[in-house]
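Engineer: File input-v8.tsv below, TSV, C-alpha atoms:
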```tsv
chain	number	residue	atom	x	y	z
B	1	MET	CA	121.14	162.99	99.16
B	2	LYS	CA	122.00	166.41	100.61
B	3	THR	CA	123.97	166.82	103.80
B	4	HIS	CA	121.84	168.19	106.61
B	5	SER	CA	121.26	168.10	110.33
B	6	ALA	CA	118.07	166.59	111.74
B	7	ALA	CA	116.12	167.75	114.77
B	8	LEU	CA	115.18	164.67	116.68
B	9	LEU	CA	113.63	163.41	119.87
B	10	CYS	CA	114.71	160.02	121.21
B	11	ILE	CA	113.00	157.95	123.89
B	12	LEU	CA	114.54	154.60	124.79
B	13	HIS	CA	112.83	151.71	126.60
B	14	ALA	CA	114.88	148.61	127.49
B	15	ALA	CA	114.27	145.43	129.41
B	16	SER	CA	116.22	145.11	132.65
B	17	ALA	CA	116.63	141.32	132.76
B	18	GLY	CA	117.40	138.48	130.40
B	19	ALA	CA	118.87	139.25	127.01
B	20	GLN	CA	119.98	142.85	126.77
B	21	VAL	CA	118.93	144.53	123.52
B	22	THR	CA	120.56	147.76	122.43
B	23	ILE	CA	119.95	149.91	119.34
B	24	ASP	CA	122.94	152.06	118.43
B	25	ARG	CA	121.41	153.44	115.24
B	26	PRO	CA	119.35	155.20	114.00
B	27	ALA	CA	120.25	158.19	116.10
B	28	GLY	CA	118.05	160.44	114.01
B	29	GLY	CA	116.75	158.64	110.98
B	30	TRP	CA	118.26	158.38	107.55
B	31	ARG	CA	120.70	161.28	107.40
B	32	HIS	CA	124.27	161.98	106.41
B	33	SER	CA	127.08	164.08	107.80
B	34	ALA	CA	129.85	165.59	105.72
B	35	GLY	CA	132.19	162.70	106.57
B	36	GLU	CA	129.71	159.91	105.90
B	37	PRO	CA	128.44	160.05	102.32
B	38	GLY	CA	125.93	157.33	101.48
B	39	ARG	CA	126.40	155.13	98.42
B	40	PHE	CA	123.07	155.82	96.80
B	41	HIS	CA	122.36	156.54	93.16
B	42	GLN	CA	118.86	157.83	92.72
B	43	GLN	CA	117.54	161.35	92.26
B	44	VAL	CA	114.46	160.71	94.39
B	45	ASN	CA	116.59	160.16	97.53
B	46	TYR	CA	115.63	156.57	98.14
B	47	PRO	CA	118.29	153.84	98.19
B	48	ALA	CA	118.58	151.90	94.99
B	49	SER	CA	120.80	149.20	93.56
B	50	SER	CA	124.00	149.91	95.49
B	51	VAL	CA	122.53	149.74	98.98
B	52	ASN	CA	124.10	147.14	101.24
B	53	VAL	CA	125.14	147.01	104.89
B	54	ASP	CA	128.84	146.73	104.03
B	55	GLY	CA	130.35	150.17	103.58
B	56	GLN	CA	127.26	152.10	104.64
B	57	PRO	CA	127.68	154.91	107.17
B	58	LEU	CA	126.29	154.19	110.64
B	59	SER	CA	123.71	156.93	110.19
B	60	ALA	CA	122.14	154.93	107.35
B	61	GLN	CA	121.49	151.76	109.33
B	62	ILE	CA	119.36	150.16	111.98
B	63	ARG	CA	122.17	148.76	114.04
B	64	GLY	CA	122.64	147.24	117.49
B	65	ARG	CA	123.29	144.13	119.51
B	66	ILE	CA	121.47	141.46	121.49
B	67	ALA	CA	123.75	140.49	124.38
B	68	GLY	CA	123.37	137.65	126.84
B	69	THR	CA	121.94	135.01	124.53
B	70	GLY	CA	124.74	134.26	122.06
B	71	LYS	CA	123.58	133.01	118.69
B	72	PRO	CA	119.80	132.40	118.84
B	73	ASP	CA	118.91	128.72	118.46
B	74	GLY	CA	117.77	128.89	114.88
B	75	LYS	CA	115.44	131.77	115.64
B	76	PRO	CA	115.73	135.30	114.29
B	77	ALA	CA	115.03	138.38	116.33
B	78	THR	CA	112.09	140.60	115.34
B	79	LEU	CA	112.44	144.08	113.89
B	80	ILE	CA	109.41	146.39	113.99
B	81	VAL	CA	109.65	149.63	112.01
B	82	ASN	CA	106.70	152.01	112.19
B	83	GLY	CA	104.42	149.08	113.01
B	84	THR	CA	105.67	146.63	110.36
B	85	ALA	CA	107.15	143.48	111.93
B	86	MET	CA	109.76	141.38	110.14
B	87	PRO	CA	112.41	138.78	111.08
B	88	LEU	CA	115.87	140.19	111.83
B	89	GLN	CA	119.04	138.23	111.11
B	90	VAL	CA	121.41	138.19	114.12
B	91	ASP	CA	125.10	137.35	113.83
B	92	ALA	CA	126.92	134.89	116.10
B	93	ASP	CA	128.00	137.71	118.43
B	94	GLY	CA	124.45	139.03	118.72
B	95	SER	CA	124.97	142.03	116.44
B	96	PHE	CA	122.57	143.14	113.72
B	97	ALA	CA	122.59	145.80	110.99
B	98	ARG	CA	120.04	146.74	108.36
B	99	PRO	CA	119.92	149.75	105.99
B	100	TYR	CA	116.59	151.57	106.10
B	101	ALA	CA	115.17	154.79	104.66
B	102	PHE	CA	113.01	156.72	107.12
B	103	GLY	CA	110.64	159.51	106.22
B	104	SER	CA	110.60	162.86	107.99
B	105	GLY	CA	108.38	163.13	111.05
B	106	SER	CA	107.78	160.55	113.77
B	107	ASN	CA	109.33	157.09	113.37
B	108	SER	CA	109.72	154.12	115.67
B	109	VAL	CA	112.15	151.20	115.75
B	110	GLU	CA	111.72	148.20	118.04
B	111	VAL	CA	113.90	145.10	118.29
B	112	ARG	CA	112.68	142.00	120.14
B	113	ALA	CA	115.08	139.22	121.10
B	114	PRO	CA	113.91	135.62	120.64
B	115	ASP	CA	113.29	135.42	124.41
B	116	GLY	CA	110.89	138.36	124.24
B	117	ARG	CA	113.18	141.03	125.68
B	118	ARG	CA	113.03	144.23	123.71
B	119	THR	CA	114.13	147.79	123.29
B	120	ARG	CA	112.40	150.60	121.47
B	121	ARG	CA	113.55	153.90	120.05
B	122	GLN	CA	111.11	156.61	119.07
B	123	PHE	CA	112.47	159.59	117.21
B	124	VAL	CA	111.33	162.55	115.20
B	125	ASP	CA	113.39	163.37	112.14
B	126	GLY	CA	112.92	167.06	111.51
B	127	TYR	CA	114.30	167.19	107.98
B	128	ALA	CA	111.16	168.06	106.03
B	129	GLY	CA	112.91	168.22	102.65
B	130	ARG	CA	113.38	164.48	102.28
B	131	ALA	CA	111.17	162.67	99.80
B	132	GLN	CA	108.69	160.46	101.64
B	133	ALA	CA	108.05	156.93	100.44
B	134	ARG	CA	104.33	157.28	99.74
B	135	LEU	CA	104.16	153.61	98.77
B	136	ARG	CA	106.25	150.91	100.44
B	137	VAL	CA	106.10	147.14	99.88
B	138	VAL	CA	108.05	145.03	102.40
B	139	LEU	CA	108.82	141.35	101.79
B	140	SER	CA	110.08	139.15	104.63
B	141	TRP	CA	109.98	135.40	105.20
B	142	ASP	CA	110.30	132.87	107.99
B	143	SER	CA	113.25	130.68	106.93
B	144	ASP	CA	117.01	131.06	107.02
B	145	ASN	CA	119.32	130.13	104.11
B	146	THR	CA	116.59	130.68	101.52
B	147	ASP	CA	116.24	133.21	98.73
B	148	LEU	CA	112.88	134.84	98.03
B	149	ASP	CA	112.61	137.75	95.61
B	150	LEU	CA	110.19	140.66	95.53
B	151	HIS	CA	108.77	141.75	92.15
B	152	VAL	CA	106.58	144.86	91.81
B	153	ILE	CA	104.92	145.88	88.55
B	154	SER	CA	103.53	149.42	88.55
B	155	PRO	CA	100.55	150.69	86.52
B	156	ASP	CA	102.85	152.07	83.80
B	157	GLY	CA	104.30	148.58	83.24
B	158	GLN	CA	107.65	149.14	84.94
B	159	HIS	CA	108.96	146.01	86.65
B	160	VAL	CA	111.21	146.40	89.71
B	161	PHE	CA	113.09	143.36	91.03
B	162	TYR	CA	116.69	142.33	91.86
B	163	GLY	CA	117.70	142.54	88.19
B	164	ALA	CA	116.24	146.04	87.68
B	165	ARG	CA	116.16	147.72	91.07
B	166	GLN	CA	115.45	151.26	89.91
B	167	ALA	CA	112.55	152.42	87.73
B	168	ALA	CA	112.17	155.67	85.81
B	169	ASN	CA	109.02	156.50	87.80
B	170	GLY	CA	110.99	156.68	91.06
B	171	GLY	CA	110.31	153.18	92.40
B	172	ALA	CA	113.28	151.23	93.73
B	173	LEU	CA	114.22	148.00	95.49
B	174	ASP	CA	116.77	148.47	98.25
B	175	VAL	CA	118.63	145.16	98.69
B	176	ASP	CA	118.55	141.65	97.26
B	177	VAL	CA	118.61	139.37	100.31
B	178	THR	CA	119.77	135.87	99.35
B	179	THR	CA	120.45	134.31	102.76
B	180	GLY	CA	117.06	134.19	104.44
B	181	TYR	CA	114.46	136.27	106.29
B	182	GLY	CA	114.74	139.47	104.25
B	183	PRO	CA	113.44	142.10	104.24
B	184	GLU	CA	113.46	143.37	100.69
B	185	ILE	CA	111.75	146.74	100.36
B	186	TYR	CA	110.25	148.48	97.35
B	187	ALA	CA	109.40	152.14	97.78
B	188	ASN	CA	108.24	155.01	95.62
B	189	PRO	CA	107.96	158.67	96.70
B	190	ALA	CA	105.69	159.53	93.75
B	191	PRO	CA	103.83	156.35	92.77
B	192	PRO	CA	101.75	156.60	89.61
B	193	ALA	CA	98.04	155.97	90.12
B	194	GLY	CA	96.55	152.67	89.06
B	195	VAL	CA	96.83	148.95	89.76
B	196	TYR	CA	100.05	147.44	91.15
B	197	HIS	CA	100.93	143.74	91.08
B	198	VAL	CA	103.16	142.21	93.78
B	199	PHE	CA	104.80	138.85	93.04
B	200	VAL	CA	107.14	136.74	95.15
B	201	ASN	CA	109.54	134.28	93.55
B	202	TYR	CA	110.96	131.38	95.57
B	203	PHE	CA	114.36	131.60	93.94
B	204	GLY	CA	116.28	128.98	95.91
B	205	ALA	CA	116.43	126.88	99.06
B	206	GLY	CA	120.20	127.05	99.54
B	207	SER	CA	121.41	124.06	101.55
B	208	LEU	CA	117.85	123.06	102.44
B	209	SER	CA	115.83	120.46	100.56
B	210	ASP	CA	113.89	121.57	97.50
B	211	ASP	CA	110.60	120.75	99.23
B	212	HIS	CA	111.30	123.15	102.11
B	213	LEU	CA	108.21	125.25	102.86
B	214	SER	CA	108.83	128.97	103.31
B	215	THR	CA	106.11	131.45	104.25
B	216	ALA	CA	106.37	134.90	102.73
B	217	GLN	CA	104.94	138.00	104.38
B	218	VAL	CA	104.20	141.05	102.24
B	219	ALA	CA	103.23	144.35	103.86
B	220	VAL	CA	101.79	147.06	101.60
B	221	ILE	CA	101.96	150.50	103.23
B	222	SER	CA	100.66	153.67	101.63
B	223	GLU	CA	101.04	157.24	102.96
B	224	GLU	CA	103.22	156.01	105.83
B	225	ASN	CA	103.28	158.18	108.97
B	226	SER	CA	100.34	160.30	107.87
B	227	LEU	CA	96.69	160.47	108.88
B	228	ALA	CA	95.87	158.73	105.59
B	229	GLU	CA	98.21	155.77	106.25
B	230	ARG	CA	96.91	152.39	105.13
B	231	ARG	CA	98.61	149.09	105.90
B	232	GLN	CA	97.79	145.61	104.60
B	233	VAL	CA	99.70	142.42	105.45
B	234	PHE	CA	99.50	139.18	103.46
B	235	ARG	CA	101.09	135.78	104.16
B	236	VAL	CA	101.58	133.17	101.45
B	237	PRO	CA	103.20	129.69	101.71
B	238	LEU	CA	105.78	128.89	99.03
B	239	ARG	CA	106.45	125.20	98.58
B	240	LYS	CA	109.33	124.79	96.17
B	241	PRO	CA	112.08	126.78	94.42
B	242	GLY	CA	111.03	128.22	91.08
B	243	GLU	CA	107.53	129.03	92.29
B	244	LEU	CA	106.30	132.49	91.28
B	245	THR	CA	103.23	133.66	93.18
B	246	LEU	CA	101.01	136.69	92.70
B	247	VAL	CA	100.54	137.83	96.29
B	248	LYS	CA	98.40	140.93	95.77
B	249	SER	CA	97.05	143.28	93.13
B	250	PHE	CA	95.95	146.61	94.55
B	251	ALA	CA	94.96	150.07	93.42
B	252	TYR	CA	96.83	153.23	94.42
B	253	PRO	CA	95.73	155.64	95.66
```
Let me see the structure of the file written as structure tokens.
Structural biologist:
Amino acid sequence: MKTHSAALLCILHAASAGAQVTIDRPAGGWRHSAGEPGRFHQQVNYPASSVNVDGQPLSAQIRGRIAGTGKPDGKPATLIVNGTAMPLQVDADGSFARPYAFGSGSNSVEVRAPDGRRTRRQFVDGYAGRAQARLRVVLSWDSDNTDLDLHVISPDGQHVFYGARQAANGGALDVDVTTGYGPEIYANPAPPAGVYHVFVNYFGAGSLSDDHLSTAQVAVISEENSLAERRQVFRVPLRKPGELTLVKSFAYP
């Protein structure tokens, strides 16, 4: 991804009582300075197989802290990016970090603590040269210490999942989350037209019993942050490890 500066507008709203929620990043979307090269390997400028929180520059993360509550009692926080809500893993000290690829234009990030306190950052990333993710599929789930996997099969037969995170048509999966909640995100800046199939595999229950029920949420977003944006959200219960479920087949465009 090319080094550039981004024109941005930030507005911050924070609760004044209870748990204090702060968002340190993004300061201006997904961007890089000369001293902070991102570890991404994909010509279409979307993060692919090497994306992880560890080692990523601060400018390539949603990052902050929930102070005043300590470790939530078994409850995740909630991350809302451009209207898509998903659980957010919080460390014992209240910190959180999540890589995310924003498109140019207006974007919003909101973090809600388990007690309902929240902060919101609205920003405009003015770098118009970045490839937009015209199709995004976001998998999240409601249980910790579990491993669910997102599988997307595009109309040309290319299958993107944790074992093949980057497709020749530009589609890519960002991270393979194995410890609960997700999210795992598939995106494509130039999705081929036709029918897509979205599967979720309940890969493992970790230290939980094999009959642990986990509910998957899949959000399908096309033409994000445009007048033609379309968003669909589906929830599916998964009852045991090894279960592979077709969540949605849909046509694009």
Engineer: Find, counting all atoms listed in the file, the residue in B:Arg239, B:Ser154, B:Ala216, B:Val198 that gets nearest to Ala168 of chain B.
Structural biologist: B:Ser154
Engineer: B:Phe199, B:Ala251, B:Pro192, B:Ser143: which is nearest Val160 of chain B, counting only C-alpha atoms?
Structural biologist: B:Phe199
Engineer: Using all atoms listed in the file, which residues sit within 8 Å of Leu150 of chain B once same-chain residues fewer than 3 positions away are excluded, as a VMD selection string?
Structural biologist: chain B and resid 139 161 to 162 184 to 185 198 to 201
Engineer: May I have the residues from that selection written out with C-alpha atoms, as a PDB file, in the coordinates of the input?
Structural biologist:
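Dumped to again_30.pdb:
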```pdb
ATOM      1  CA  LEU B 139     108.820 141.350 101.790  1.00  0.00           C
ATOM      2  CA  PHE B 161     113.090 143.360  91.030  1.00  0.00           C
ATOM      3  CA  TYR B 162     116.690 142.330  91.860  1.00  0.00           C
ATOM      4  CA  GLU B 184     113.460 143.370 100.690  1.00  0.00           C
ATOM      5  CA  ILE B 185     111.750 146.740 100.360  1.00  0.00           C
ATOM      6  CA  VAL B 198     103.160 142.210  93.780  1.00  0.00           C
ATOM      7  CA  PHE B 199     104.800 138.850  93.040  1.00  0.00           C
ATOM      8  CA  VAL B 200     107.140 136.740  95.150  1.00  0.00           C
ATOM      9  CA  ASN B 201     109.540 134.280  93.550  1.00  0.00           C
TER      10      ASN B 201
END
```
Engineer: Identify, on the basis of all atoms listed in the file, every residue whose closest approach to segment 74-83 of chain B does not exceed 9 Å; exclude the query and any residue fewer than 3 positions from it along the same chain; express the result as a ChimeraX atom specification.
Structural biologist: /B:66,71,86-90,106-116,142,144,181,224-225
Engineer: If I take atom CA of Asp156 of chain B and atom CA of Trp141 of chain B, how far is one from the other in Å, to one decimal?
Structural biologist: 28.0 Å
Engineer: Using only C-alpha atoms for the distances, tell me which of B:Ser226, B:Tyr196, B:Asn145, B:Leu135 is nearest to Gly157 of chain B.
Structural biologist: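 Using only C-alpha atoms, the shortest distance to Gly157 of chain B belongs to B:Tyr196.
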Engineer: Which is closer to Pro26 of chain B than all the others in B:Phe123, B:Phe96, B:Tyr202, B:Tyr186, using only C-alpha atoms?
Structural biologist: B:Phe123
Engineer: How far is it from atom CA of Leu148 of chain B to atom CA of Leu173 of chain B, in Å with one decimal?
Structural biologist: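 Distance between the two atoms: 13.5 Å.
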Engineer: Do a neighbour search on Pro191 of chain B at 12 Å with all atoms listed in the file, toss out local chain neighbours closer than 2 positions, and write the hits as a ChimeraX atom specification.
Structural biologist: /B:44,131-137,152-156,158,167-172,186-189,193-196,222-223,251-253
Engineer: Tell me which residues come within 12 Å of (104.0, 121.1, 93.3), as a PDB file with C-alpha atoms, in the frame of the given file, counting only C-alpha atoms in the file's coordinates.
Structural biologist:
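Result file follows (selection_17.pdb):
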```pdb
ATOM      1  CA  ASP B 210     113.890 121.570  97.500  1.00  0.00           C
ATOM      2  CA  ASP B 211     110.600 120.750  99.230  1.00  0.00           C
ATOM      3  CA  HIS B 212     111.300 123.150 102.110  1.00  0.00           C
ATOM      4  CA  LEU B 213     108.210 125.250 102.860  1.00  0.00           C
ATOM      5  CA  LEU B 238     105.780 128.890  99.030  1.00  0.00           C
ATOM      6  CA  ARG B 239     106.450 125.200  98.580  1.00  0.00           C
ATOM      7  CA  LYS B 240     109.330 124.790  96.170  1.00  0.00           C
ATOM      8  CA  PRO B 241     112.080 126.780  94.420  1.00  0.00           C
ATOM      9  CA  GLY B 242     111.030 128.220  91.080  1.00  0.00           C
ATOM     10  CA  GLU B 243     107.530 129.030  92.290  1.00  0.00           C
ATOM     11  CA  LEU B 244     106.300 132.490  91.280  1.00  0.00           C
TER      12      LEU B 244
END
```
Engineer: What would segment 217-251 of chain B look like with N, CA and C atoms restored, written as a CSV table (one decimal), in the coordinates of the input?
Structural biologist:
```csv
chain,number,residue,atom,x,y,z
B,217,GLN,N,105.8,136.9,103.9
B,217,GLN,CA,104.9,138.0,104.4
B,217,GLN,C,105.2,139.3,103.6
B,218,VAL,N,104.1,139.8,103.0
B,218,VAL,CA,104.2,141.0,102.2
B,218,VAL,C,103.3,142.1,102.9
B,219,ALA,N,104.0,143.2,103.3
B,219,ALA,CA,103.2,144.4,103.9
B,219,ALA,C,103.2,145.5,102.8
B,220,VAL,N,102.0,146.0,102.5
B,220,VAL,CA,101.8,147.1,101.6
B,220,VAL,C,101.4,148.3,102.4
B,221,ILE,N,102.2,149.3,102.4
B,221,ILE,CA,102.0,150.5,103.2
B,221,ILE,C,101.9,151.7,102.3
B,222,SER,N,100.8,152.4,102.4
B,222,SER,CA,100.7,153.7,101.6
B,222,SER,C,100.5,154.8,102.6
B,223,GLU,N,101.1,156.0,102.2
B,223,GLU,CA,101.0,157.2,103.0
B,223,GLU,C,101.5,157.0,104.4
B,224,GLU,N,102.7,156.4,104.5
B,224,GLU,CA,103.2,156.0,105.8
B,224,GLU,C,103.4,157.3,106.7
B,225,ASN,N,103.1,157.1,108.0
B,225,ASN,CA,103.3,158.2,109.0
B,225,ASN,C,102.4,159.4,108.7
B,226,SER,N,101.3,159.2,108.1
B,226,SER,CA,100.3,160.3,107.9
B,226,SER,C,99.0,159.9,108.4
B,227,LEU,N,98.0,160.8,108.4
B,227,LEU,CA,96.7,160.5,108.9
B,227,LEU,C,96.0,159.6,107.9
B,228,ALA,N,96.5,159.6,106.6
B,228,ALA,CA,95.9,158.7,105.6
B,228,ALA,C,96.6,157.4,105.4
B,229,GLU,N,97.5,157.0,106.4
B,229,GLU,CA,98.2,155.8,106.2
B,229,GLU,C,97.3,154.6,106.2
B,230,ARG,N,97.6,153.6,105.3
B,230,ARG,CA,96.9,152.4,105.1
B,230,ARG,C,97.9,151.3,105.1
B,231,ARG,N,97.7,150.2,105.8
B,231,ARG,CA,98.6,149.1,105.9
B,231,ARG,C,97.9,147.8,105.7
B,232,GLN,N,98.4,146.9,104.8
B,232,GLN,CA,97.8,145.6,104.6
B,232,GLN,C,98.9,144.6,104.7
B,233,VAL,N,98.7,143.5,105.3
B,233,VAL,CA,99.7,142.4,105.4
B,233,VAL,C,99.1,141.1,104.9
B,234,PHE,N,99.9,140.4,104.1
B,234,PHE,CA,99.5,139.2,103.5
B,234,PHE,C,100.6,138.1,103.7
B,235,ARG,N,100.2,136.9,104.0
B,235,ARG,CA,101.1,135.8,104.2
B,235,ARG,C,100.8,134.7,103.2
B,236,VAL,N,101.8,134.2,102.5
B,236,VAL,CA,101.6,133.2,101.4
B,236,VAL,C,102.6,132.1,101.6
B,237,PRO,N,102.2,130.8,101.7
B,237,PRO,CA,103.2,129.7,101.7
B,237,PRO,C,103.8,129.4,100.3
B,238,LEU,N,105.1,129.2,100.3
B,238,LEU,CA,105.8,128.9,99.0
B,238,LEU,C,106.4,127.5,99.2
B,239,ARG,N,106.1,126.6,98.3
B,239,ARG,CA,106.4,125.2,98.6
B,239,ARG,C,107.7,124.7,97.9
B,240,LYS,N,108.1,125.3,96.8
B,240,LYS,CA,109.3,124.8,96.2
B,240,LYS,C,110.0,125.9,95.4
B,241,PRO,N,111.4,125.8,95.2
B,241,PRO,CA,112.1,126.8,94.4
B,241,PRO,C,111.6,126.8,93.0
B,242,GLY,N,111.5,128.0,92.4
B,242,GLY,CA,111.0,128.2,91.1
B,242,GLY,C,109.6,128.7,91.1
B,243,GLU,N,108.9,128.6,92.2
B,243,GLU,CA,107.5,129.0,92.3
B,243,GLU,C,107.4,130.5,92.3
B,244,LEU,N,106.6,131.1,91.4
B,244,LEU,CA,106.3,132.5,91.3
B,244,LEU,C,104.8,132.7,91.6
B,245,THR,N,104.6,133.5,92.6
B,245,THR,CA,103.2,133.7,93.2
B,245,THR,C,102.8,135.1,93.2
B,246,LEU,N,101.6,135.4,92.6
B,246,LEU,CA,101.0,136.7,92.7
B,246,LEU,C,100.4,136.8,94.1
B,247,VAL,N,101.0,137.7,94.9
B,247,VAL,CA,100.5,137.8,96.3
B,247,VAL,C,99.4,138.8,96.4
B,248,LYS,N,99.5,139.9,95.7
B,248,LYS,CA,98.4,140.9,95.8
B,248,LYS,C,98.4,141.9,94.6
B,249,SER,N,97.2,142.2,94.1
B,249,SER,CA,97.0,143.3,93.1
B,249,SER,C,96.2,144.3,93.9
B,250,PHE,N,96.6,145.6,93.8
B,250,PHE,CA,96.0,146.6,94.6
B,250,PHE,C,96.0,147.9,93.8
B,251,ALA,N,95.0,148.8,94.1
B,251,ALA,CA,95.0,150.1,93.4
B,251,ALA,C,95.5,151.2,94.3
```
